[in-house]
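Structure data (PDB, C-alpha atoms) from upload02.pdb:
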```
ATOM      1  CA  MET C  12       8.517 -20.619   7.456
ATOM      2  CA  MET C  13       6.898 -19.177   4.325
ATOM      3  CA  VAL C  14       9.941 -16.997   3.594
ATOM      4  CA  VAL C  15      12.237 -20.022   3.854
ATOM      5  CA  ALA C  16      10.003 -21.994   1.484
ATOM      6  CA  LEU C  17       9.965 -19.115  -0.995
ATOM      7  CA  ALA C  18      13.732 -18.673  -0.792
ATOM      8  CA  GLN C  19      14.253 -22.405  -1.298
ATOM      9  CA  ARG C  20      11.913 -22.461  -4.266
ATOM     10  CA  ALA C  21      13.687 -19.461  -5.816
ATOM     11  CA  ALA C  22      17.106 -21.029  -5.201
ATOM     12  CA  ASP C  23      15.987 -24.203  -6.961
ATOM     13  CA  GLY C  24      15.145 -22.164 -10.056
ATOM     14  CA  GLY C  25      11.389 -22.646  -9.696
ATOM     15  CA  SER C  26       8.836 -19.928  -9.856
ATOM     16  CA  MET C  27       7.595 -18.430  -6.622
ATOM     17  CA  VAL C  28       4.026 -19.680  -6.623
ATOM     18  CA  LEU C  29       1.978 -19.141  -3.498
ATOM     19  CA  GLU C  30      -0.507 -21.899  -2.848
ATOM     20  CA  SER C  31      -2.198 -20.687   0.328
ATOM     21  CA  LEU C  32      -4.398 -17.644   0.675
ATOM     22  CA  GLY C  33      -2.548 -16.690   3.856
ATOM     23  CA  ALA C  34       0.781 -16.523   2.025
ATOM     24  CA  GLN C  35      -0.811 -14.493  -0.766
ATOM     25  CA  VAL C  36      -2.235 -11.997   1.734
ATOM     26  CA  ILE C  37       1.119 -11.676   3.531
ATOM     27  CA  VAL C  38       2.948 -10.928   0.282
ATOM     28  CA  ALA C  39       0.237  -8.409  -0.669
ATOM     29  CA  LEU C  40       0.633  -6.746   2.740
ATOM     30  CA  VAL C  41       4.363  -6.447   2.061
ATOM     31  CA  GLY C  42       3.507  -4.816  -1.272
ATOM     32  CA  GLY C  43       1.183  -2.389   0.482
ATOM     33  CA  MET C  44       3.905  -1.567   3.006
ATOM     34  CA  ALA C  45       6.352  -0.905   0.169
ATOM     35  CA  ALA C  46       3.926   1.530  -1.462
ATOM     36  CA  GLU C  47       3.298   3.333   1.812
ATOM     37  CA  MET C  48       7.016   3.534   2.581
ATOM     38  CA  LEU C  49       7.460   5.181  -0.822
ATOM     39  CA  HIS C  50       4.618   7.573   0.031
ATOM     40  CA  TRP C  51       6.218   8.584   3.337
ATOM     41  CA  TYR C  52       9.609   8.908   1.636
ATOM     42  CA  ALA C  53       8.062  11.280  -0.919
ATOM     43  CA  LEU C  54       6.523  13.279   1.923
ATOM     44  CA  ALA C  55       9.923  13.463   3.622
ATOM     45  CA  ARG C  56      11.370  14.959   0.432
ATOM     46  CA  LYS C  57       8.766  17.769   0.412
ATOM     47  CA  PRO C  58       9.825  20.683   2.622
ATOM     48  CA  GLY C  59       7.816  20.642   5.848
ATOM     49  CA  ALA C  60       5.433  17.874   4.788
ATOM     50  CA  PHE C  61       6.850  15.062   6.912
ATOM     51  CA  ALA C  62       6.846  17.177  10.078
ATOM     52  CA  LYS C  63       3.269  18.244   9.381
ATOM     53  CA  TYR C  64       1.914  14.676   9.097
ATOM     54  CA  ARG C  65       4.125  12.450  11.246
ATOM     55  CA  LEU C  66       2.632  13.333  14.626
ATOM     56  CA  ARG C  67      -1.040  13.165  13.688
ATOM     57  CA  ALA C  68      -2.717   9.815  14.311
ATOM     58  CA  VAL C  69      -5.219  10.171  11.471
ATOM     59  CA  TYR C  70      -2.420   9.896   8.909
ATOM     60  CA  TRP C  71      -0.925   6.784  10.517
ATOM     61  CA  ILE C  72      -4.372   5.189  10.706
ATOM     62  CA  THR C  73      -4.853   6.044   7.032
ATOM     63  CA  THR C  74      -1.471   4.482   6.245
ATOM     64  CA  ALA C  75      -2.412   1.277   8.094
ATOM     65  CA  GLY C  76      -5.768   1.221   6.303
ATOM     66  CA  MET C  77      -4.075   1.511   2.917
ATOM     67  CA  ILE C  78      -1.731  -1.368   3.753
ATOM     68  CA  LEU C  79      -4.669  -3.520   4.881
ATOM     69  CA  LEU C  80      -6.636  -2.611   1.765
ATOM     70  CA  GLY C  81      -3.710  -3.769  -0.359
ATOM     71  CA  GLY C  82      -3.494  -6.974   1.670
ATOM     72  CA  MET C  83      -7.157  -7.747   0.957
ATOM     73  CA  MET C  84      -6.757  -7.699  -2.816
ATOM     74  CA  PRO C  85      -5.749 -11.362  -3.207
ATOM     75  CA  LEU C  86      -9.056 -12.234  -1.550
ATOM     76  CA  LEU C  87     -10.850 -10.456  -4.392
ATOM     77  CA  TYR C  88      -8.606 -11.240  -7.360
ATOM     78  CA  VAL C  89      -6.948 -14.607  -6.822
ATOM     79  CA  GLN C  90      -8.500 -18.051  -6.977
ATOM     80  CA  GLY C  91      -6.158 -20.904  -6.157
ATOM     81  CA  SER C  92      -2.431 -20.431  -6.538
ATOM     82  CA  ALA C  93      -0.797 -17.203  -7.682
ATOM     83  CA  SER C  94       2.700 -15.912  -8.221
ATOM     84  CA  ALA C  95       4.322 -13.955  -5.436
ATOM     85  CA  LEU C  96       4.968 -11.117  -7.872
ATOM     86  CA  LEU C  97       1.255 -10.828  -8.688
ATOM     87  CA  CYS C  98       0.339 -10.729  -5.002
ATOM     88  CA  PHE C  99       3.025  -8.118  -4.289
ATOM     89  CA  HIS C 100       1.793  -6.050  -7.225
ATOM     90  CA  LEU C 101      -1.832  -6.216  -6.056
ATOM     91  CA  GLY C 102      -0.782  -5.056  -2.600
ATOM     92  CA  ALA C 103       1.418  -2.237  -3.890
ATOM     93  CA  ALA C 104      -0.887  -0.980  -6.630
ATOM     94  CA  THR C 105      -4.021  -0.683  -4.526
ATOM     95  CA  PRO C 106      -2.835   2.116  -2.176
ATOM     96  CA  VAL C 107      -1.304   4.015  -5.087
ATOM     97  CA  ILE C 108      -4.509   3.843  -7.143
ATOM     98  CA  VAL C 109      -6.675   4.929  -4.192
ATOM     99  CA  GLN C 110      -4.276   7.771  -3.359
ATOM    100  CA  LYS C 111      -4.247   9.034  -6.933
ATOM    101  CA  LEU C 112      -8.046   8.912  -7.126
ATOM    102  CA  ILE C 113      -8.411  10.888  -3.902
ATOM    103  CA  ALA C 114      -5.771  13.429  -4.957
ATOM    104  CA  ALA C 115      -7.577  13.949  -8.282
ATOM    105  CA  VAL C 116     -10.848  15.050  -6.633
ATOM    106  CA  PRO C 117     -11.246  18.796  -7.199
ATOM    107  CA  SER C 118     -10.392  20.801  -4.077
ATOM    108  CA  SER C 119     -13.698  22.651  -4.138
ATOM    109  CA  ILE C 120     -15.529  19.357  -3.665
ATOM    110  CA  ALA C 121     -13.154  17.612  -1.283
ATOM    111  CA  HIS C 122     -12.335  20.432   1.122
ATOM    112  CA  GLN C 123     -14.932  22.686   2.645
ATOM    113  CA  GLY C 124     -14.473  24.868   5.662
ATOM    114  CA  PRO C 125     -11.403  26.569   7.148
ATOM    115  CA  ALA C 126      -8.058  26.001   5.473
ATOM    116  CA  GLU C 127      -6.498  23.111   7.386
ATOM    117  CA  ASP C 128      -4.440  20.102   6.453
ATOM    118  CA  SER C 129      -6.579  17.526   4.717
ATOM    119  CA  LEU C 130      -6.305  13.905   3.718
ATOM    120  CA  GLN C 131      -6.377  15.042   0.113
ATOM    121  CA  ASP C 132      -3.188  17.065   0.705
ATOM    122  CA  PHE C 133      -1.665  14.021   2.415
ATOM    123  CA  PHE C 134      -2.295  11.930  -0.698
ATOM    124  CA  ARG C 135      -0.613  14.395  -3.066
ATOM    125  CA  TRP C 136       2.872  13.042  -3.464
TER     126      TRP C 136
END
```
What's the structure tokens form of this structure?
Amino acid sequence: MMVVALAQRAADGGSMVLESLGAQVIVALVGGMAAEMLHWYALARKPGAFAKYRLRAVYWITTAGMILLGGMMPLLYVQGSASALLCFHLGAATPVIVQKLIAAVPSSIAHQGPAEDSLQDFFRW
């Protein structure tokens, strides 16, 4: 229903303004999914990285958490109506910013103990 309304609005030459918070969250979730798909694509391009992470549940839970975090951003940033592009951008930018912050933490602080795969390594793409 929302997609049809957006497509109709775009076909009429109008801007894609989202009036409801639910629609804004859905578009932000799509943005978060796009960012995470790009992350997994980058991992697939690194030799051995995709095979190392794809079967471990912690990385899929982290992926879902990043998507949900991106979907929550309209709740924090938007009051009233907002463009679909803004909501998509909020959803896509949030996982990328969090991933870059985590990847930038010095290894001596983030990883202690035996050398194993870590979430910090997962976020380096």
Point to revise | Chain and number of each residue from the PyMOL selection byres ((chain C and resi 39) around 10), as a ChimeraX atom specification | key: /C:33-38,40-45,78-85,95-105
Store the residues picked out above, limited to C-alpha atoms, as a compact mmCIF listing (two decimals), keeping the file's coordinate frame.
```txt
# COMPACT_ATOMS: atom_id res chain seq x y z
CA GLY C 33 -2.55 -16.69 3.86
CA ALA C 34 0.78 -16.52 2.02
CA GLN C 35 -0.81 -14.49 -0.77
CA VAL C 36 -2.24 -12.00 1.73
CA ILE C 37 1.12 -11.68 3.53
CA VAL C 38 2.95 -10.93 0.28
CA LEU C 40 0.63 -6.75 2.74
CA VAL C 41 4.36 -6.45 2.06
CA GLY C 42 3.51 -4.82 -1.27
CA GLY C 43 1.18 -2.39 0.48
CA MET C 44 3.90 -1.57 3.01
CA ALA C 45 6.35 -0.90 0.17
CA ILE C 78 -1.73 -1.37 3.75
CA LEU C 79 -4.67 -3.52 4.88
CA LEU C 80 -6.64 -2.61 1.76
CA GLY C 81 -3.71 -3.77 -0.36
CA GLY C 82 -3.49 -6.97 1.67
CA MET C 83 -7.16 -7.75 0.96
CA MET C 84 -6.76 -7.70 -2.82
CA PRO C 85 -5.75 -11.36 -3.21
CA ALA C 95 4.32 -13.96 -5.44
CA LEU C 96 4.97 -11.12 -7.87
CA LEU C 97 1.25 -10.83 -8.69
CA CYS C 98 0.34 -10.73 -5.00
CA PHE C 99 3.02 -8.12 -4.29
CA HIS C 100 1.79 -6.05 -7.22
CA LEU C 101 -1.83 -6.22 -6.06
CA GLY C 102 -0.78 -5.06 -2.60
CA ALA C 103 1.42 -2.24 -3.89
CA ALA C 104 -0.89 -0.98 -6.63
CA THR C 105 -4.02 -0.68 -4.53
```
Review point. Could you list as number ranges by chain every residue that has an atom within 12 Å of (-7.8, 6.9, -5.0), using the file's coordinates and counting only C-alpha atoms?
Key: C: 77, 80, 104-116, 130-131, 133-135
Practice item. Considering all atoms listed in the file, state which residue in the set C:Lys57, C:Ser26, C:Leu32, C:Lys63 is at the smallest distance from Leu87 in chain C. Key: C:Leu32
Review point. Any idea what the distance is between CA of Tyr64 in chain C and CA of Tyr52 in chain C?
Key: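 Computing it gives 12.2 Å between the two atoms.
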Exercise for review: Excluding Val28 in chain C and residues on its chain fewer than 4 positions from it, collect all residues at most 8 Å away from it, counting only C-alpha atoms, and give them as a list in words.
Suggested key: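 Neighbouring residues, sequence-local ones excluded: Ser92, Ala93, Ser94 and Ala95 of chain C.
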Please give the centre and size of the box around range 49-65 of chain C (axis-aligned, containing every atom listed in the file, 3 Å added per side), with values in Å to one decimal and written as AutoDock Vina command-line options.
```
--center_x 6.6 --center_y 12.9 --center_z 5.2 --size_x 15.5 --size_y 21.5 --size_z 18.2
```
Practice item. Figure out the distance between CA of Ala46 in chain C and CA of Ala62 in chain C, please, to one decimal in Å. Key: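 Going from CA of Ala62 in chain C over to CA of Ala46 in chain C covers 19.7 Å.
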Review point. If the PyMOL selection byres ((chain C and resi 71) around 12) is run on the structure shown, which residues does it catch, given as JSON, numbers by chain?
Key: {"C": [47, 48, 50, 51, 61, 64, 65, 66, 67, 68, 69, 70, 72, 73, 74, 75, 76, 77, 78, 130, 133]}
